[in-house]
Amino acid sequence: MFHGREELSAFLHECQVVIDLLPGTPETTHLIDQDFLNALPHGAHFLNLARGAHVVEADLMAALNSGQLAAAALDVFQIEPLPAESPLWSHPHVTITPHNAATTLPGEAMDFIAGAILALEQGQMPHGLVDRQRGY
């Protein structure tokens with residue numbers, strides 16, 4: 001079991017695939033940089049479905065170009081929409097998706113909203129509230 005920033009490198013060393021689903025906080029901004037990517041086993045895969053601010057894109061490109069990363073699938077970017085001149089568009093080992101990693105299903109959304117209203121009417125706190133201290 002790994003936890004905390006101090007054990008991140010040891011954790012990454014064991015990962016063939018990393019899927020970024022972290023919240024956007026000051027602690028996660030530029031988290032995925034050269035050190036992070038180099039801690040992965042050679043030929044690992046990376047997917048970012050969270051926040052573009054997590055990734056230092058120049059470091060990601062360097063890891064892809066060197067073979068440190070075998071491939072990346074990216075749904076979010078530092079600048080959105082991703083500029084046409086970005087080398088990520090044409091990189092042979094990058095798959096780009098149209099920022100839709102989490103599609104909202106109307107039926108599920110309405111059930112969630114109705115449940116939140118019911119909880120509030122009953123004097124309870126609804127599920128899924130943002131903790132402003134933590135930033136997510």
# chains A, B, ... in the order shown; residues from 1 in each chain; ligands from 1

call {"tool": "closest_atom_pairs", "arguments": {"of": "range 25-125 of chain A", "to": "range 4-12 of chain A", "cutoff": "8 Å", "atoms": "only C-alpha atoms", "output": "JSON lines"}}
result
{"residue": "A:Phe36", "atom": "CA", "partner": "A:Ser9", "partner_atom": "CA", "distance": 7.0}
{"residue": "A:Ala39", "atom": "CA", "partner": "A:Ser9", "partner_atom": "CA", "distance": 5.6}
{"residue": "A:Leu40", "atom": "CA", "partner": "A:Leu12", "partner_atom": "CA", "distance": 5.0}
{"residue": "A:Pro41", "atom": "CA", "partner": "A:Leu12", "partner_atom": "CA", "distance": 7.7}

call {"tool": "residues_around", "arguments": {"residues": "Pro26 in chain A", "least_positions_apart": "6", "cutoff": "12 Å", "atoms": "only C-alpha atoms", "output": "list in words"}}
result
Arg51, Ala53, His54, Gln133, Arg134, Gly135 and Tyr136 of chain A

call {"tool": "select_by_dssp", "arguments": {"residues": "range 12-127 of chain A", "states": "helix (DSSP H, G or I)", "output": "VMD selection string"}}
result
chain A and resid 12 34 to 39 52 to 54 57 to 66 106 to 121

call {"tool": "closest_atom_pairs", "arguments": {"of": "range 40-92 of chain A", "to": "range 16-19 of chain A", "cutoff": "8 Å", "atoms": "only C-alpha atoms", "output": "JSON lines"}}
result
{"residue": "A:Leu40", "atom": "CA", "partner": "A:Gln16", "partner_atom": "CA", "distance": 7.2}
{"residue": "A:Pro41", "atom": "CA", "partner": "A:Gln16", "partner_atom": "CA", "distance": 6.5}
{"residue": "A:Gly43", "atom": "CA", "partner": "A:Gln16", "partner_atom": "CA", "distance": 7.6}
{"residue": "A:Ala44", "atom": "CA", "partner": "A:Gln16", "partner_atom": "CA", "distance": 4.6}
{"residue": "A:His45", "atom": "CA", "partner": "A:Val17", "partner_atom": "CA", "distance": 4.7}
{"residue": "A:Phe46", "atom": "CA", "partner": "A:Val18", "partner_atom": "CA", "distance": 4.9}
{"residue": "A:Leu47", "atom": "CA", "partner": "A:Ile19", "partner_atom": "CA", "distance": 4.7}
{"residue": "A:Asn48", "atom": "CA", "partner": "A:Ile19", "partner_atom": "CA", "distance": 6.0}
{"residue": "A:Leu49", "atom": "CA", "partner": "A:Ile19", "partner_atom": "CA", "distance": 7.2}

call {"tool": "write_last_selection", "arguments": {"atoms": "all heavy atoms", "output": "compact mmCIF listing (two decimals), in the first residue's frame"}}
result
# COMPACT_ATOMS: atom_id res chain seq x y z
N LEU A 40 8.03 6.07 -13.79
CA LEU A 40 7.28 4.94 -14.35
C LEU A 40 8.23 3.96 -15.02
O LEU A 40 9.30 4.35 -15.50
CB LEU A 40 6.27 5.45 -15.39
CG LEU A 40 5.14 6.32 -14.87
CD1 LEU A 40 4.42 6.99 -16.02
CD2 LEU A 40 4.17 5.47 -14.05
N PRO A 41 7.83 2.69 -15.10
CA PRO A 41 8.65 1.74 -15.87
C PRO A 41 8.71 2.18 -17.34
O PRO A 41 7.75 2.75 -17.87
CB PRO A 41 7.88 0.42 -15.74
CG PRO A 41 6.97 0.59 -14.59
CD PRO A 41 6.67 2.06 -14.50
N GLY A 43 8.19 2.34 -21.05
CA GLY A 43 7.12 1.80 -21.88
C GLY A 43 5.75 1.82 -21.23
O GLY A 43 4.82 1.18 -21.74
N ALA A 44 5.59 2.55 -20.14
CA ALA A 44 4.29 2.64 -19.47
C ALA A 44 3.31 3.46 -20.32
O ALA A 44 3.69 4.10 -21.31
CB ALA A 44 4.45 3.28 -18.09
N HIS A 45 2.05 3.42 -19.93
CA HIS A 45 0.98 4.17 -20.60
C HIS A 45 0.39 5.17 -19.63
O HIS A 45 0.31 4.90 -18.43
CB HIS A 45 -0.11 3.22 -21.08
CG HIS A 45 0.33 2.32 -22.17
ND1 HIS A 45 1.16 1.24 -21.96
CD2 HIS A 45 0.06 2.33 -23.49
CE1 HIS A 45 1.38 0.63 -23.11
NE2 HIS A 45 0.73 1.28 -24.06
N PHE A 46 -0.08 6.31 -20.17
CA PHE A 46 -0.65 7.37 -19.34
C PHE A 46 -1.96 7.85 -19.94
O PHE A 46 -2.05 8.08 -21.14
CB PHE A 46 0.34 8.55 -19.24
CG PHE A 46 -0.23 9.75 -18.56
CD1 PHE A 46 -0.53 9.72 -17.21
CD2 PHE A 46 -0.47 10.91 -19.27
CE1 PHE A 46 -1.08 10.83 -16.59
CE2 PHE A 46 -1.01 12.03 -18.66
CZ PHE A 46 -1.31 11.99 -17.32
N LEU A 47 -2.98 8.00 -19.09
CA LEU A 47 -4.27 8.55 -19.50
C LEU A 47 -4.61 9.72 -18.60
O LEU A 47 -4.54 9.58 -17.36
CB LEU A 47 -5.39 7.50 -19.38
CG LEU A 47 -5.33 6.32 -20.33
CD1 LEU A 47 -4.37 5.27 -19.83
CD2 LEU A 47 -6.71 5.74 -20.47
N ASN A 48 -4.96 10.86 -19.18
CA ASN A 48 -5.40 12.00 -18.38
C ASN A 48 -6.85 12.29 -18.68
O ASN A 48 -7.19 12.76 -19.76
CB ASN A 48 -4.54 13.24 -18.64
CG ASN A 48 -4.86 14.35 -17.65
OD1 ASN A 48 -5.69 14.18 -16.75
ND2 ASN A 48 -4.20 15.47 -17.80
N LEU A 49 -7.69 12.00 -17.70
CA LEU A 49 -9.13 12.26 -17.80
C LEU A 49 -9.55 13.30 -16.78
O LEU A 49 -10.74 13.49 -16.56
CB LEU A 49 -9.90 10.95 -17.57
CG LEU A 49 -9.48 9.77 -18.41
CD1 LEU A 49 -10.24 8.52 -18.01
CD2 LEU A 49 -9.67 10.05 -19.88

call {"tool": "residues_around", "arguments": {"residues": "His42 in chain A", "least_positions_apart": "2", "cutoff": "8 Å", "atoms": "only C-alpha atoms", "output": "JSON, numbers by chain"}}
result
{"A": [38, 40, 44, 67, 68, 69, 70]}

call {"tool": "atom_distance", "arguments": {"atom1": "CA of Met110 in chain A", "atom2": "CA of Leu21 in chain A"}}
result
23.7 Å

call {"tool": "closest_residue", "arguments": {"among": "A:Ala72, A:Leu129, A:Leu82, A:Met1", "to": "Glu14 in chain A", "atoms": "only C-alpha atoms"}}
result
A:Met1

call {"tool": "atom_distance", "arguments": {"atom1": "CA of Thr25 in chain A", "atom2": "CA of Ala84 in chain A"}}
result
27.4 Å

call {"tool": "residues_around", "arguments": {"residues": "Phe112 in chain A", "least_positions_apart": "5", "cutoff": "10 Å", "atoms": "only C-alpha atoms", "output": "count of residues only"}}
result
7
